[in-house]
Amino acid sequence: MKGKNLSSLFLLAVCYCVGFCSLAAAEPDAARPKIGLVLKGGGALGFAHVGVLRVLERNRVPIHAVAGTSMGSIIGGAYASGVALDEMERVLSEMDWGEFFGERISRETHDYRLKAGRNREIFGEAKLGFKEGKFVMPHGVVEGQNIRPLFQELFGYLPAPTHFDSLPIPFRAVTADVETGEAYVPSHGDLATVVRASMSIPGAFSPVEIDGRLLVDGGIVNNLPVDVVLGMGADVLIVVDLQSKLATRENLQSPLSISGQMVSLLLMQNATLSRKLVRAQDIVIEPDVSAYTVSDFPKGAEIALIGERAAESMTAALQSLAIPERDYQQYAARRTHRAEARPTIHFIHLNNRSNLSDRRLKDLMTIKAGEVFDPEKVEQDIQRIYQTGYFTSAQYSLVEENGKSGLQIDAKGKDWLEQYVRLGFSLEDDLDGNNNFRLGGSYRVDTHTKKGAYFEAQGELGKQPRLSLELYEPLVEDSPYFIWPKIGIGRTPINIFTGGDVIAEYQRTEGFASLALGRAISTLGEVVFGYTRGFGELERNLGDPALNDFSYDIGDVSLGLDLDNLDQPDFPTQGFRVTVRGNAAVDTLGAPNDFQEVTGALSLPLTYGRHTLLVRNGFAATFGERPIERSTSLGGFLNVSGTLQSSLAASDYNSGGLVYFHRFSEIENPFFDLAFFAGGSYELTTLHNEHPQLRNYDLINSGSVFVGADTPLLPIYIGFGIADIDEHSIYISMGRLSGVGR
């Protein structure tokens with residue numbers, strides 16, 4: 001009996017030991033330290049973190065908590081959410097960083113009424129927001145439109161909200177509350193949005209609103225978040241402290257470089273404070289990336305290699321944290337395991353903060369409720385919304401409500417452009433004492449009577465002053481049909497000839513009121529039918545006193561077609577522009593006599609590499625007897641070059657030619673285009689007049705040479721033109737050219 005009891009006790013002890021050993025095997029990390037990873041911010045310098053992670057994996061060092069700031073939050077968030085390191089390197093290496101930070105909108109995709117230069121007005125494309133009596137600007141150059149898709153790809157299209165402790169590795173990203181100056185570290189939410197906030201360098205990126213806070217780059221308050229990882233319960237820290245240098249005096253020659261140095265000083269100061277929290281058992285890796293700048297994104301592979309070498313120098317310390325191969329493989333499998341995010345979309349919520357209707361946005365989307373989530377298809381829909389030109393950003397999130405998956409579309413309109421101003425300037429001089437100065441401005445404001453409606457005032461000073469007020473109003477919301485009432489007044493010169501000599505100069509003043517009905521043709525253009533009633537006066541400034549002043553009435557109906565999908569209004573490389581308009585002066589509608597005219601213009605660029613040949617033509621044909629006071633005007637740079645603008649009058653004309661320009665230089669910048677051109681033109685023009693007081697020209701040969709720049713504010717031209725009618729001019733223009741066919 002005693003032997004049996006001993007045997008039972010022995011078997012129980014064996015079972016206990018076996019059970020204990022099995023439990024220990026099932027929980028291999030139970031007795032090991034919890035390792036936290038701290039990743040410093042630093043723009044492109046943060047690529048060094050990728051190299052450090054490569055060494056950690058090679059030495060079988062498991063990570064149990066990650067926190068990062070700015071670029072450190074991007075790398076840390078991707079690693080914590082389960083992306084394999086090879087995949088992370090592939091995505092980051094294949095990224096077009098110019099496109100990533102750039103947010104250009106193709107002009108062709110704009111609604112026609114948003115296209116700068118559609119009427120060849122002098123105003124540039126730059127818009128100065130105006131609100132409550134003050135000029136306003138965007139909060140940052142970059143809104144992050146092209147940033148979020150990368151994050152969603154890296155982070156695995158996580159549903160929102162996600163608790164960041166539920167990721168394969170618990171994660172935190174450091175942001176800064178721009179109103180209080182305090183650090184804010186969200187523990188849950190939309191991971192892509194939180195990381196986007198963590199990298200929002202003030203002034204360069206717009207702030208991100210989360211939990212009622214306006215958040216920017218966390219580097220300004222905590223660029224090396226040692227305290228955050230300690231607060232996550234880490235026993236041992238691996239701190240990656242990027243080593244960079246301040247700019248020298250030789251490189252501090254501009255206000256921008258000085259402000260950049262101040263930011264660097266601030267980052268270094270708070271990182272120094274964080275280093276004081278590092279303990280004896282912690283490991284600090286210091287990649288020396290001082291030879292690179294925070295904007296060296298194309299050199300990411302080189303910077304990652306520096307991080308790898310710095311981590312390799314700490315191999316002995318890292319190996320003390322290594323775990324057995326089998327255990328590490330289990331850890332790595334758990335970290336990189338991702339459920340494919342392809343849920344069924346049960347609903348689509350739209351948060352539309354713009355002057356575009358909800359129905360218009362829904363019409364732009366191809367994905368519908370009931371379909372399986374397709375990230376590529378959704379992203380195409382989002383870009384289609386953004387490319388309308390009405391939005392500073394258009395984003396989407398996967399969300400869950402009551403156990404069902406759906407999409408949250410957030411389209412943020414350009415509220416700072418609900419009112420805006422555009423400006424333009426030009427100067428012409430014929431080297432013979434005659435010049436033409438133009439200064440123009442435009443003011444537009446959304447009327448809020450219907451989505452897409454606006455009021456616009458345009459004015460111009462100089463030799464040809466003008467003022468106009470117009471209202472654009474869709475008939476019903478989202479209708480392609482619109483009404484377009486407009487009033488205006490303007491002045492242009494007309495020269496009277498006898499035997500080829502100018503005997504008088506008149507100023508023609510015309511005022512009008514018009515009402516038009518039109519239909520938009522997609523984003524390409526519009527067709528418009530209108531009625532115009534007005535008055536005109538001819539006042540003699542110079543010349544024979546026997547020539548009288550007189551006034552006249554205007555009563556016209558018109559039908560016009562405008563199509564424009566040029567990629568650029570000033571130095572186009574592709575697309576086309578076509579304008580055709582018929583106008584009839586009718587005596588029963590108030591005109592002194594009947595006549596009809598047809599006018600048109602064409603621009604067609606043909607481009608090979610940096611070389612563009614622009615085919616252009618403009619014409620006017622009159623049917624019936626056109627009175628002298630209703631003569632059309634032309635002349636100016638690239639429109640009978642060598643003459644001053646509107647110095648030639650005609651009943652009928654045809655003006656065409658070729659304009660060549662070569663893009664010889666550019667300043668590479670992902671935020672806007674800045675290119676420089678050199679070129680020339682050759683033009684052929686015929687002018688016919690039914691009145692002997694106006695001069696006829698069977699053929700005018702003219703041409704020009706010029707240099708130009710396509711700037712974010714206004715196009716700039718400096719040129720010289722000459723015509724074989726003994727005319728020549730120098731042109732200096734900061735603003736859009738209004739020449740025929742251009």
# chains A, B, ... in the order shown; residues from 1 in each chain; ligands from 1

call {"tool": "residues_around", "arguments": {"residues": "segment 526-543 of chain A", "least_positions_apart": "5", "cutoff": "7 Å", "atoms": "only C-alpha atoms", "output": "NGL selection string"}}
result
:A and (503-521 or 549-563)

call {"tool": "residues_around", "arguments": {"residues": "Asp227 of chain A", "least_positions_apart": "6", "cutoff": "10 Å", "atoms": "only C-alpha atoms", "output": "MDAnalysis selection string"}}
result
chainID A and resid 38 67 274:275 277:278

call {"tool": "write_last_selection", "arguments": {"atoms": "all heavy atoms", "output": "CSV table (one decimal), in the first residue's frame"}}
result
chain,number,residue,atom,x,y,z
A,38,VAL,N,11.7,53.0,-29.7
A,38,VAL,CA,11.4,54.4,-29.8
A,38,VAL,C,12.0,54.9,-31.1
A,38,VAL,O,13.2,54.8,-31.4
A,38,VAL,CB,12.1,55.2,-28.6
A,38,VAL,CG1,11.8,56.7,-28.7
A,38,VAL,CG2,11.6,54.6,-27.3
A,67,ALA,N,6.6,53.4,-30.3
A,67,ALA,CA,6.1,54.7,-30.4
A,67,ALA,C,7.0,55.5,-31.3
A,67,ALA,O,8.2,55.3,-31.3
A,67,ALA,CB,6.0,55.4,-29.0
A,274,SER,N,14.5,64.1,-23.7
A,274,SER,CA,14.1,62.7,-23.7
A,274,SER,C,15.2,61.8,-23.4
A,274,SER,O,15.0,60.7,-22.8
A,274,SER,CB,13.4,62.4,-25.1
A,274,SER,OG,12.3,63.2,-25.3
A,275,ARG,N,16.4,62.1,-23.9
A,275,ARG,CA,17.6,61.2,-23.7
A,275,ARG,C,17.9,61.0,-22.2
A,275,ARG,O,18.4,60.0,-21.8
A,275,ARG,CB,18.8,61.8,-24.4
A,275,ARG,CG,18.8,61.5,-25.9
A,275,ARG,CD,19.0,60.1,-26.2
A,275,ARG,NE,20.3,59.6,-25.8
A,275,ARG,CZ,21.4,59.5,-26.6
A,275,ARG,NH1,21.3,59.9,-27.9
A,275,ARG,NH2,22.5,59.0,-26.2
A,277,LEU,N,15.8,60.4,-20.0
A,277,LEU,CA,15.0,59.3,-19.4
A,277,LEU,C,15.5,57.9,-19.8
A,277,LEU,O,15.0,56.9,-19.3
A,277,LEU,CB,13.6,59.4,-20.0
A,277,LEU,CG,12.8,60.7,-19.7
A,277,LEU,CD1,11.5,60.8,-20.4
A,277,LEU,CD2,12.6,60.9,-18.2
A,278,VAL,N,16.6,57.8,-20.6
A,278,VAL,CA,17.1,56.5,-21.0
A,278,VAL,C,17.9,56.0,-19.8
A,278,VAL,O,18.7,56.7,-19.2
A,278,VAL,CB,18.1,56.7,-22.2
A,278,VAL,CG1,18.8,55.4,-22.5
A,278,VAL,CG2,17.3,57.2,-23.4

call {"tool": "select_by_dssp", "arguments": {"residues": "segment 368-520 of chain A", "states": "strand (DSSP E or B)", "output": "PyMOL selection string"}}
result
chain A and resi 372+391-401+404-413+419-429+435-446+454-462+466-474+481-498+501-520

call {"tool": "select_by_dssp", "arguments": {"residues": "segment 80-159 of chain A", "states": "helix (DSSP H, G or I)", "output": "PyMOL selection string"}}
result
chain A and resi 80+85-94+97-101+107-109+112-114+147-155

call {"tool": "residues_around", "arguments": {"residues": "segment 564-575 of chain A", "least_positions_apart": "2", "cutoff": "9 Å", "atoms": "only C-alpha atoms", "output": "PyMOL selection string"}}
result
chain A and resi 106-109+112+115-118+120+523-525+562+577-579+603-608+611-614+661+677+709-710+715+736-737+742

call {"tool": "closest_residue", "arguments": {"among": "A:Ile169, A:Val136, A:Leu242, A:Leu674", "to": "Val83 of chain A", "atoms": "only C-alpha atoms"}}
result
A:Ile169

call {"tool": "closest_residue", "arguments": {"among": "A:Ala84, A:Ala453, A:Ile667, A:Val195", "to": "Ala333 of chain A", "atoms": "only C-alpha atoms"}}
result
A:Ala84
